Structures are given as structure tokens and as C-alpha cells.
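Notes for the one structure printed next.
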Amino acid sequence: MPKKLTWLTLVALAGLSLSACKILPTPSAQGGANASGFNPDKMVEEIWVAKVIPYLQQKAGPFAEVHALAKTDQAAAGAKYGNPKKQANSPWTFAVRVEGKIIAANTQSRAVTMDIDVDGDGKADARVQIGPAMRGTALRDSLDFVQFNDFTNQIDFAQFGKAFNAYADKTVLSKLPREALEGRTAKVLGAYTIEGGQDLPLVTPAEAEIGPKP
Amino acid sequence: MKLTRRMTLAAFAGVLALGTAAPAFAADLIAIITPSHDNPFFKAEAVGAEAKAKELGYEALVLVHDDDANKQSELIDTAIGRGAKAIILDNAGADATVAAVQKAKDAGIPSFLIDREINATGVAVAQIVSNNYQGAQLGAQEFVKLMGEKGNYVELVGKESDTNAGIRSKGYHDVIDDYPDLKKVAQQSANWSQTEAYSKMESILQANPDIKGVISGNDTMAMGAYAALAAANRKDVIVVGFDGSNDVRDSITSGGIKATVLQPAYAQAQMAVEQANDFIKNKKSPEKEKQLMDCVLVNGDNAAKLETFALKN
């Protein structure tokens, strides 16, 4: 209950700061959901520094540790690094720190990714997406103070999820280098969702640094 | 027309009176109301819910509203009149349904919504819906990959009154619009209908022979579109659907449609009945009213495992 109150307060605050702005008509393409002044980008901006980053910093574990536990005991990994208030039918999303060497990068796609070796065995352990096109809603889903039930519908909830990626892209990822990534070091704070596929775990960063060329 | 309507109303009034007079006779009834069973997705919901209801010792009243909010309202009256203990509902419109579900609530009958949300909370006991946005993202990511991140494409959108049509379209575009070399040359609603998708696709193709892909809001429209493309000798066009129907599974395994997104329709309907049972017997509401179920991408790798809206292990 106190959590929910905090959240409501935040929404109220977002509303307050909005009222200071000039309200422009909502483009019709966005449908009725936004007619109430729902502004996911603004909401994310309001909580990013105050709540999101501190939460991830406090919750995140080193990737190797998190992933090893996740592979053997998802519930235990969830209790420690995950969002315990996730939807019962959703997969776990974990907060992680990824630190290691970039051994491959896909910069041909709009969805640029870097494959990171965290344990020095020369093999990639995690894939970090650095935009501009980004997949999933891992950042949103890692936060225990964000609940689907607090949103009017899936569209609002989805736009809120997308706003996290957009904010990370705008403030952090778009400033990262895109050339000669192989061989450099990378340091990332973010989140990833356990998926069934064969691909490497896909980490969405909230903070990221890339070291100088070796 | 007017006369028929009045007679229907009179009939309902009669049923209502009967229901009030003899509630004991309808003690074990669960009403299951969905859109038309012409779409196998809704049929799977009804079959799943009915099977679970019978397993738990209820009588099931299976009804279809054909996406008509007025008809849905009448069916809710029927359920009330028959003294149903709970209503399992895949609804006919996010706004229009609120009053109908409220009417059932006022009559003391809890509603458990599946598949589609309504724009209100605290009216239904549960809203168990597929994470359509997450599913649409999966489908769109596969589509982007199949398209090689570039080329002209067409989007077929579902019925406008259905929130999921908008959610899926939004989910598709949240992914696809990040790729400026993917160009949408046409976007039309085919109202979830296979025949309508066939004719719309025919005319879109005439106007835009240079298309490379079609992303569809559901499987029945994907089937219609693919049939039109095949008839025009354009089997090279990439088609991606949504729902995970057996028809699309068969198309995928025979090299037709490339991918779809599975919604766990059968399991979802069964879960709703279990929650209704818990509510009826133990007066226990689910912990959260709105419950999201994740979707799964189905392509050539796992299509063979798909059967009646569930993946076998």
C-alpha cells in the first residue's frame, strides 16, 4: 500500500508539472488513451534519476552470478535480483551489471548490439542492445514499483515501457561510439528478461560506458 | 423489427421473472460469452472454458455476441435471467462493455474477462488478457528480420471496436517504425475476416505490386492475405500473423506464412473458470484484477509443436 501511494504521488506530480506546460492537441493517430494527458516520456524522466537508477544499482548483481543462479534456480534468482511483484505468468526480469570485453558487435542493424565476454574465456556471455532500435520492456519490468494494474490499459502500459528504452537511448546510448567496438571494454547497468530462445541473454542498459580503443 | 425487439424483451422479462422466482434451479451455471466461433481462436476459448467448467461440476451456457455490443447486453441479461453464478466473457468493446458488466455485477454476478480488456477497473472481478503488445513486438521483430530491415509492406488491421486491434498495431509500429527503410504502402482494416482480407489484399496488390511483406493483426486475415497472394502468384511475399491458429501452423510448416504469435487462448479461458470457481466457492478474488499472459513467437522452428492454441513440449 505505501508503494502504491508513492506511485500515485508520482503520477500526481507528473500531472502537476504537466499543467505548467502548454497542452497541445493529441495527434489522432495516438487514439483516445492519451486524451487524459498521459505522458509516459515525462513520467519516466521524473523517476529516472530519483528512483530507477538507485533501484537498479541496489538490486543488480554481476551478470555471471545472476545468470548462473537463473539457470539453476529461477525463483531464487528472482527473489534476489528480480521483480517479485511481476505478473504471475510473465518470465523473470533481472537487474544486472555487465562488465567485460566486447568480442563482437552488430552495427549493420538499426538494433545495434554488442556481445560481451564477462569471464575472459573468449566466448560471449551476454548481448547488450545499444539502440536506436531496441527490443522488449526489460527496464520497466525490472522495477517493483511499476504495476500493470496502475495503468488504464495495455497501450498506456506499453508506451510507458517503450519510454524507458527511449529515455536510455536519448540520454545514454546515443552517445556511445559505434565504430571499432571489438576489443574495447564495456560496463553496463541494466536488466534482462529470461527467454526460451537459443540467443544470448539480451540486456537493456540504463547506464553504459565503453572504454577507449585498445 | 420493432415488434420482434419488443417480443424479445418480453421474453427476457419472462426469463428474468422466472429466474427470480426459482433461483435454485440454476445453481451451477457458468455463462461463457465470446465472439463468433467462426474464428477458431474464440472457439478454443469457449471449448477450454466449457471443459474446465464441466470438470469443476458446473453447467455451461455457451453464447456468442458476434462483436455486437447490443447483442452482448442481451446475452448478459440472459445470463442474469438464468441465474448464472459467473460470467466468462471475451467482450464486444472496451467502452461499450463496461455498462453490461456493471449490470451483471449489480445483479450479483461476477464477470471474469478474457482476451480483451475493458476501460474500467473494479467492475469485473478479473481481466485476464494476453500481453498483446509484447506479442506484437515479437511478431514485428521477426517481420523486420525476415524483411532484412527494408522494403515496402502492408499492414492489415483488425476490427476497430476491439482494443486488441489497436494494441497490436501499436506494438507492430513501435518496432517497425524504428527502421526507416521499411515503408508502409498501405494500412487497411479487414475486420479480423479472412474473406475481407482476401479481397482487400487483391486490390492492395493491384495498386502496389512492389510489396515485399504483409503484417497482419491476426491469423484469419493472414490466411486471407496469403491466399490472395498465392492466387496472384506472389508466394514470395512475407506474411506474418497473430494468434497461433492451427491453420497458420499448417501454412508455416508447408512454407507459406512465415510466422505468427501464439496467444494461450485455451489456458487463459481455463484460468478464468478456475478463478470464477474460487470466487463462487471460497468468495476469493484473484490477487490482481488485471492479469497479463505473455505470448510466444511461432515460426518454422517450433510450429510443429503447436496444437489448438497451445505449444506442446
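Identifiers in this document derive from the order of the C-alpha cells: chains are assigned A, B, ..., residues are numbered from 1 separately in each chain, and ligands are numbered from 1 in order of occurrence.
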
Next on the checklist: Taking only C-alpha atoms into account and nothing else, which residues of chain B lie no more than 8 Å away from chain A? Please answer as a ChimeraX atom specification.
Outcome noted: /B:117-120,131-134,137,141,149,167,170-171,174-175,178-179,288-294

Selection above as a file: N, CA and C atoms, as a compact mmCIF listing (two decimals), in the first residue's frame:
```txt
# COMPACT_ATOMS: atom_id res chain seq x y z
N GLU B 117 -9.44 -6.38 -22.76
CA GLU B 117 -9.66 -5.55 -21.57
C GLU B 117 -10.89 -4.68 -21.75
N ILE B 118 -11.38 -4.13 -20.64
CA ILE B 118 -12.33 -3.02 -20.73
C ILE B 118 -11.68 -1.80 -20.09
N ASN B 119 -12.22 -0.63 -20.41
CA ASN B 119 -11.61 0.62 -19.94
C ASN B 119 -12.10 1.00 -18.55
N ALA B 120 -12.16 0.04 -17.65
CA ALA B 120 -12.55 0.33 -16.27
C ALA B 120 -12.05 -0.79 -15.40
N ASN B 131 -0.69 -10.54 -23.30
CA ASN B 131 0.12 -9.34 -23.45
C ASN B 131 0.27 -9.09 -24.95
N ASN B 132 -0.77 -8.47 -25.50
CA ASN B 132 -0.82 -8.27 -26.95
C ASN B 132 0.31 -7.39 -27.45
N TYR B 133 0.72 -6.45 -26.63
CA TYR B 133 1.81 -5.56 -27.05
C TYR B 133 3.12 -6.31 -27.12
N GLN B 134 3.38 -7.10 -26.08
CA GLN B 134 4.60 -7.92 -26.07
C GLN B 134 4.57 -8.88 -27.25
N GLN B 137 5.23 -7.10 -30.47
CA GLN B 137 6.67 -6.81 -30.61
C GLN B 137 7.42 -8.02 -31.13
N GLN B 141 9.37 -8.00 -34.60
CA GLN B 141 10.82 -8.24 -34.66
C GLN B 141 11.14 -9.32 -35.68
N GLU B 149 15.19 -5.71 -42.74
CA GLU B 149 15.11 -4.32 -42.28
C GLU B 149 14.76 -3.32 -43.38
N ILE B 167 -3.92 -2.22 -30.00
CA ILE B 167 -2.72 -2.56 -29.24
C ILE B 167 -1.70 -3.26 -30.14
N LYS B 170 -0.16 -0.88 -32.61
CA LYS B 170 0.78 -0.02 -31.90
C LYS B 170 2.08 -0.78 -31.62
N GLY B 171 1.94 -2.03 -31.17
CA GLY B 171 3.11 -2.86 -30.89
C GLY B 171 3.94 -3.10 -32.15
N ASP B 174 5.68 0.23 -32.97
CA ASP B 174 6.74 0.59 -32.04
C ASP B 174 8.06 -0.06 -32.44
N VAL B 175 7.98 -1.23 -33.06
CA VAL B 175 9.20 -1.90 -33.52
C VAL B 175 9.54 -1.47 -34.95
N ASP B 178 11.05 1.96 -36.07
CA ASP B 178 12.46 2.24 -35.77
C ASP B 178 13.35 1.96 -36.98
N TYR B 179 12.75 1.42 -38.05
CA TYR B 179 13.53 1.07 -39.25
C TYR B 179 13.04 1.90 -40.43
N LYS B 288 -4.81 -9.94 -8.31
CA LYS B 288 -4.86 -8.75 -9.17
C LYS B 288 -6.00 -8.90 -10.16
N GLU B 289 -6.72 -7.82 -10.38
CA GLU B 289 -7.81 -7.89 -11.35
C GLU B 289 -7.26 -8.07 -12.77
N LYS B 290 -6.28 -7.23 -13.11
CA LYS B 290 -5.72 -7.30 -14.46
C LYS B 290 -4.52 -8.22 -14.48
N GLN B 291 -4.61 -9.26 -15.26
CA GLN B 291 -3.54 -10.23 -15.32
C GLN B 291 -3.08 -10.41 -16.77
N LEU B 292 -1.79 -10.26 -16.98
CA LEU B 292 -1.25 -10.37 -18.32
C LEU B 292 -0.62 -11.73 -18.55
N MET B 293 -0.89 -12.33 -19.71
CA MET B 293 -0.20 -13.57 -20.07
C MET B 293 0.68 -13.31 -21.29
N ASP B 294 1.94 -13.73 -21.21
CA ASP B 294 2.86 -13.48 -22.32
C ASP B 294 2.56 -14.36 -23.53
```

Next on the checklist: With only C-alpha atoms as the counted atoms, please give the residues lying no more than 12 Å from A:Lys175, apart from itself and same-chain residues fewer than 6 positions off, as a VMD selection string.
Outcome noted: chain A and resid 130 to 132 168 to 169 207 to 210

Checklist entry - Do you know which residues are at most 10 Å from B:Asn299 counting only C-alpha atoms, after dropping those on the same chain fewer than 5 positions away, and could you put them as JSON, numbers by chain? => result {"B": [139, 142, 240, 244, 248, 249, 252, 253, 257, 258, 259, 260, 261, 304]}

Checklist outcome for this item: What separates atom CA of B:Gly148 and atom CA of B:Asp181 is a distance of 9.6 Å

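Closest to B:Thr121 among B:Asn282, B:Gln102, B:Thr220, B:Gln188 is B:Gln102, based on only C-alpha atoms.
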
Next on the checklist: Residues within 10 Å of B:Ile238, please, as a ChimeraX atom specification. Count only C-alpha atoms; anything in the same chain fewer than 3 positions from it doesn't count.
Outcome noted: /B:143,146-147,153,211-215,226,229,234-235,256-259

Set the distance at 10 Å and use only C-alpha atoms: which residues neighbour stretch 156-163 of chain B once local chain neighbours fewer than 5 positions away are removed? I'd like the list as a PDB file with N, CA and C atoms, in the first residue's frame.
```pdb
ATOM      1  N   ASN A 153      -4.792   0.791 -19.461  1.00  0.00           N
ATOM      2  CA  ASN A 153      -4.866  -0.370 -20.352  1.00  0.00           C
ATOM      3  C   ASN A 153      -3.468  -0.737 -20.846  1.00  0.00           C
ATOM      4  N   GLN A 154      -3.416  -1.773 -21.675  1.00  0.00           N
ATOM      5  CA  GLN A 154      -2.136  -2.261 -22.196  1.00  0.00           C
ATOM      6  C   GLN A 154      -1.397  -1.211 -23.010  1.00  0.00           C
ATOM      7  N   ILE A 155      -2.147  -0.369 -23.699  1.00  0.00           N
ATOM      8  CA  ILE A 155      -1.492   0.618 -24.561  1.00  0.00           C
ATOM      9  C   ILE A 155      -0.682   1.597 -23.709  1.00  0.00           C
TER      10      ILE A 155
ATOM     11  N   ASP B  67     -19.487  -9.784 -31.765  1.00  0.00           N
ATOM     12  CA  ASP B  67     -18.908  -8.439 -31.688  1.00  0.00           C
ATOM     13  C   ASP B  67     -19.952  -7.329 -31.771  1.00  0.00           C
ATOM     14  N   ASP B  68     -21.156  -7.637 -31.333  1.00  0.00           N
ATOM     15  CA  ASP B  68     -22.246  -6.671 -31.332  1.00  0.00           C
ATOM     16  C   ASP B  68     -22.568  -6.347 -29.863  1.00  0.00           C
ATOM     17  N   ALA B  69     -22.291  -5.104 -29.472  1.00  0.00           N
ATOM     18  CA  ALA B  69     -22.441  -4.719 -28.067  1.00  0.00           C
ATOM     19  C   ALA B  69     -23.886  -4.834 -27.590  1.00  0.00           C
ATOM     20  N   ASN B  91     -15.120  -9.815 -24.491  1.00  0.00           N
ATOM     21  CA  ASN B  91     -16.134  -8.778 -24.690  1.00  0.00           C
ATOM     22  C   ASN B  91     -16.190  -8.130 -26.070  1.00  0.00           C
ATOM     23  N   ALA B  92     -17.249  -7.353 -26.272  1.00  0.00           N
ATOM     24  CA  ALA B  92     -17.531  -6.748 -27.575  1.00  0.00           C
ATOM     25  C   ALA B  92     -17.244  -5.238 -27.604  1.00  0.00           C
ATOM     26  N   GLY B  93     -16.185  -4.806 -26.899  1.00  0.00           N
ATOM     27  CA  GLY B  93     -15.851  -3.383 -26.965  1.00  0.00           C
ATOM     28  C   GLY B  93     -15.458  -2.828 -25.612  1.00  0.00           C
ATOM     29  N   ALA B  94     -14.280  -2.205 -25.551  1.00  0.00           N
ATOM     30  CA  ALA B  94     -13.689  -1.792 -24.279  1.00  0.00           C
ATOM     31  C   ALA B  94     -14.548  -0.775 -23.534  1.00  0.00           C
ATOM     32  N   ASP B  95     -15.253   0.078 -24.252  1.00  0.00           N
ATOM     33  CA  ASP B  95     -16.110   1.072 -23.600  1.00  0.00           C
ATOM     34  C   ASP B  95     -17.533   0.551 -23.428  1.00  0.00           C
ATOM     35  N   ALA B  96     -18.068  -0.024 -24.517  1.00  0.00           N
ATOM     36  CA  ALA B  96     -19.471  -0.458 -24.522  1.00  0.00           C
ATOM     37  C   ALA B  96     -19.744  -1.547 -23.497  1.00  0.00           C
ATOM     38  N   ASP B 115      -9.040 -12.315 -22.792  1.00  0.00           N
ATOM     39  CA  ASP B 115      -8.595 -11.856 -24.111  1.00  0.00           C
ATOM     40  C   ASP B 115      -8.593 -10.334 -24.291  1.00  0.00           C
ATOM     41  N   ARG B 116      -9.725  -9.690 -24.002  1.00  0.00           N
ATOM     42  CA  ARG B 116      -9.792  -8.241 -24.232  1.00  0.00           C
ATOM     43  C   ARG B 116     -10.078  -7.515 -22.923  1.00  0.00           C
ATOM     44  N   GLU B 117      -9.435  -6.381 -22.760  1.00  0.00           N
ATOM     45  CA  GLU B 117      -9.658  -5.551 -21.571  1.00  0.00           C
ATOM     46  C   GLU B 117     -10.891  -4.685 -21.748  1.00  0.00           C
ATOM     47  N   ILE B 118     -11.378  -4.131 -20.645  1.00  0.00           N
ATOM     48  CA  ILE B 118     -12.329  -3.024 -20.728  1.00  0.00           C
ATOM     49  C   ILE B 118     -11.684  -1.796 -20.090  1.00  0.00           C
ATOM     50  N   ASN B 119     -12.215  -0.634 -20.413  1.00  0.00           N
ATOM     51  CA  ASN B 119     -11.605   0.615 -19.936  1.00  0.00           C
ATOM     52  C   ASN B 119     -12.099   0.999 -18.553  1.00  0.00           C
ATOM     53  N   ASN B 132      -0.766  -8.473 -25.503  1.00  0.00           N
ATOM     54  CA  ASN B 132      -0.818  -8.272 -26.949  1.00  0.00           C
ATOM     55  C   ASN B 132       0.312  -7.387 -27.451  1.00  0.00           C
ATOM     56  N   ARG B 168      -2.177  -4.200 -30.947  1.00  0.00           N
ATOM     57  CA  ARG B 168      -1.244  -4.932 -31.821  1.00  0.00           C
ATOM     58  C   ARG B 168      -0.630  -4.012 -32.859  1.00  0.00           C
ATOM     59  N   SER B 169      -1.465  -3.164 -33.445  1.00  0.00           N
ATOM     60  CA  SER B 169      -0.944  -2.243 -34.448  1.00  0.00           C
ATOM     61  C   SER B 169       0.122  -1.341 -33.821  1.00  0.00           C
ATOM     62  N   ALA B 186       0.444   0.549 -47.504  1.00  0.00           N
ATOM     63  CA  ALA B 186      -1.000   0.503 -47.280  1.00  0.00           C
ATOM     64  C   ALA B 186      -1.295  -0.019 -45.890  1.00  0.00           C
ATOM     65  N   GLN B 187      -2.352   0.535 -45.295  1.00  0.00           N
ATOM     66  CA  GLN B 187      -2.823   0.050 -43.994  1.00  0.00           C
ATOM     67  C   GLN B 187      -4.341   0.036 -44.061  1.00  0.00           C
ATOM     68  N   GLN B 188      -4.929  -1.163 -43.945  1.00  0.00           N
ATOM     69  CA  GLN B 188      -6.384  -1.259 -44.039  1.00  0.00           C
ATOM     70  C   GLN B 188      -6.914  -2.220 -43.004  1.00  0.00           C
ATOM     71  N   SER B 189      -8.139  -1.970 -42.574  1.00  0.00           N
ATOM     72  CA  SER B 189      -8.793  -2.917 -41.674  1.00  0.00           C
ATOM     73  C   SER B 189      -9.526  -3.960 -42.498  1.00  0.00           C
ATOM     74  N   ALA B 190      -9.331  -5.208 -42.133  1.00  0.00           N
ATOM     75  CA  ALA B 190     -10.120  -6.283 -42.748  1.00  0.00           C
ATOM     76  C   ALA B 190     -11.002  -6.927 -41.677  1.00  0.00           C
ATOM     77  N   ASN B 191     -11.196  -6.196 -40.550  1.00  0.00           N
ATOM     78  CA  ASN B 191     -12.161  -6.613 -39.512  1.00  0.00           C
ATOM     79  C   ASN B 191     -12.004  -8.056 -39.036  1.00  0.00           C
ATOM     80  N   TRP B 192     -10.782  -8.522 -38.927  1.00  0.00           N
ATOM     81  CA  TRP B 192     -10.456  -9.891 -38.467  1.00  0.00           C
ATOM     82  C   TRP B 192     -10.927 -10.948 -39.458  1.00  0.00           C
ATOM     83  N   SER B 193     -11.480 -10.570 -40.623  1.00  0.00           N
ATOM     84  CA  SER B 193     -12.152 -11.531 -41.503  1.00  0.00           C
ATOM     85  C   SER B 193     -11.251 -12.046 -42.626  1.00  0.00           C
ATOM     86  N   ALA B 197     -10.062  -9.964 -45.853  1.00  0.00           N
ATOM     87  CA  ALA B 197      -8.613  -9.813 -46.062  1.00  0.00           C
ATOM     88  C   ALA B 197      -8.238 -10.232 -47.476  1.00  0.00           C
ATOM     89  N   LYS B 200      -9.392  -7.374 -49.829  1.00  0.00           N
ATOM     90  CA  LYS B 200      -8.578  -6.167 -49.598  1.00  0.00           C
ATOM     91  C   LYS B 200      -7.162  -6.383 -50.158  1.00  0.00           C
ATOM     92  N   MET B 201      -6.620  -7.579 -49.913  1.00  0.00           N
ATOM     93  CA  MET B 201      -5.259  -7.869 -50.371  1.00  0.00           C
ATOM     94  C   MET B 201      -5.182  -7.828 -51.894  1.00  0.00           C
ATOM     95  N   VAL B 214       3.654  -8.536 -45.673  1.00  0.00           N
ATOM     96  CA  VAL B 214       2.355  -8.183 -45.096  1.00  0.00           C
ATOM     97  C   VAL B 214       2.374  -8.563 -43.626  1.00  0.00           C
ATOM     98  N   ILE B 215       2.092  -7.598 -42.754  1.00  0.00           N
ATOM     99  CA  ILE B 215       1.966  -7.935 -41.337  1.00  0.00           C
ATOM    100  C   ILE B 215       0.500  -7.772 -40.971  1.00  0.00           C
ATOM    101  N   SER B 216      -0.040  -8.817 -40.366  1.00  0.00           N
ATOM    102  CA  SER B 216      -1.484  -8.878 -40.150  1.00  0.00           C
ATOM    103  C   SER B 216      -1.806  -8.927 -38.667  1.00  0.00           C
ATOM    104  N   GLY B 217      -2.895  -8.256 -38.271  1.00  0.00           N
ATOM    105  CA  GLY B 217      -3.300  -8.191 -36.873  1.00  0.00           C
ATOM    106  C   GLY B 217      -3.813  -9.503 -36.306  1.00  0.00           C
ATOM    107  N   ASN B 218      -4.159 -10.448 -37.169  1.00  0.00           N
ATOM    108  CA  ASN B 218      -4.495 -11.787 -36.662  1.00  0.00           C
ATOM    109  C   ASN B 218      -4.291 -12.839 -37.752  1.00  0.00           C
ATOM    110  N   THR B 220      -6.569 -15.103 -39.073  1.00  0.00           N
ATOM    111  CA  THR B 220      -7.563 -15.288 -40.134  1.00  0.00           C
ATOM    112  C   THR B 220      -7.308 -14.306 -41.280  1.00  0.00           C
ATOM    113  N   MET B 221      -6.941 -13.085 -40.945  1.00  0.00           N
ATOM    114  CA  MET B 221      -6.626 -12.109 -42.003  1.00  0.00           C
ATOM    115  C   MET B 221      -5.336 -12.499 -42.729  1.00  0.00           C
ATOM    116  N   ALA B 222      -4.379 -13.048 -41.991  1.00  0.00           N
ATOM    117  CA  ALA B 222      -3.128 -13.504 -42.617  1.00  0.00           C
ATOM    118  C   ALA B 222      -3.425 -14.624 -43.613  1.00  0.00           C
ATOM    119  N   ALA B 225      -5.000 -13.022 -46.685  1.00  0.00           N
ATOM    120  CA  ALA B 225      -3.998 -12.283 -47.455  1.00  0.00           C
ATOM    121  C   ALA B 225      -3.092 -13.252 -48.216  1.00  0.00           C
ATOM    122  N   GLY B 241       1.396 -13.361 -39.078  1.00  0.00           N
ATOM    123  CA  GLY B 241       0.087 -13.226 -38.438  1.00  0.00           C
ATOM    124  C   GLY B 241       0.168 -13.112 -36.924  1.00  0.00           C
TER     125      GLY B 241
END
```

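Among the candidates A:Ile47, A:Ala68, A:Ala206, A:Ala76, the residue lying nearest to A:Asp125 is A:Ala68 (atoms considered: only C-alpha atoms).
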
Next on the checklist: Going by DSSP on the backbone, which residues of chain A come out as helix (DSSP H, G or I)? List them as a ChimeraX atom specification.
Outcome noted: /A:2-19,28-30,32-34,40-59,63-72,74-81,138-141,148-150,154-171,173-175

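Atom CA of B:Pro35 is found 5.3 Å from atom CA of B:His65.
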
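Candidate residues B:Asp219, B:Glu155, B:Asp301, B:Glu55 were compared for distance to B:Ile204, and the nearest is B:Glu155, using only C-alpha atoms.
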
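When only C-alpha atoms are used to compute distances to B:Ile76, the closest of the residues B:Phe242, B:Glu50, B:Ile33, B:Tyr58 turns out to be B:Ile33.
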
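Taking atom CA of B:Gly83 and atom CA of B:Glu59 as the two end points, the separation is 11.6 Å.
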
Checklist entry - stretch 75-312 of chain B: which residues are strand (DSSP E) by DSSP, as an NGL selection string? => result :B and (86-89 or 111-114 or 126-130 or 151-157 or 182-189 or 213-216 or 238-240 or 260-262 or 290-293 or 296-298 or 306-307 or 310-311)
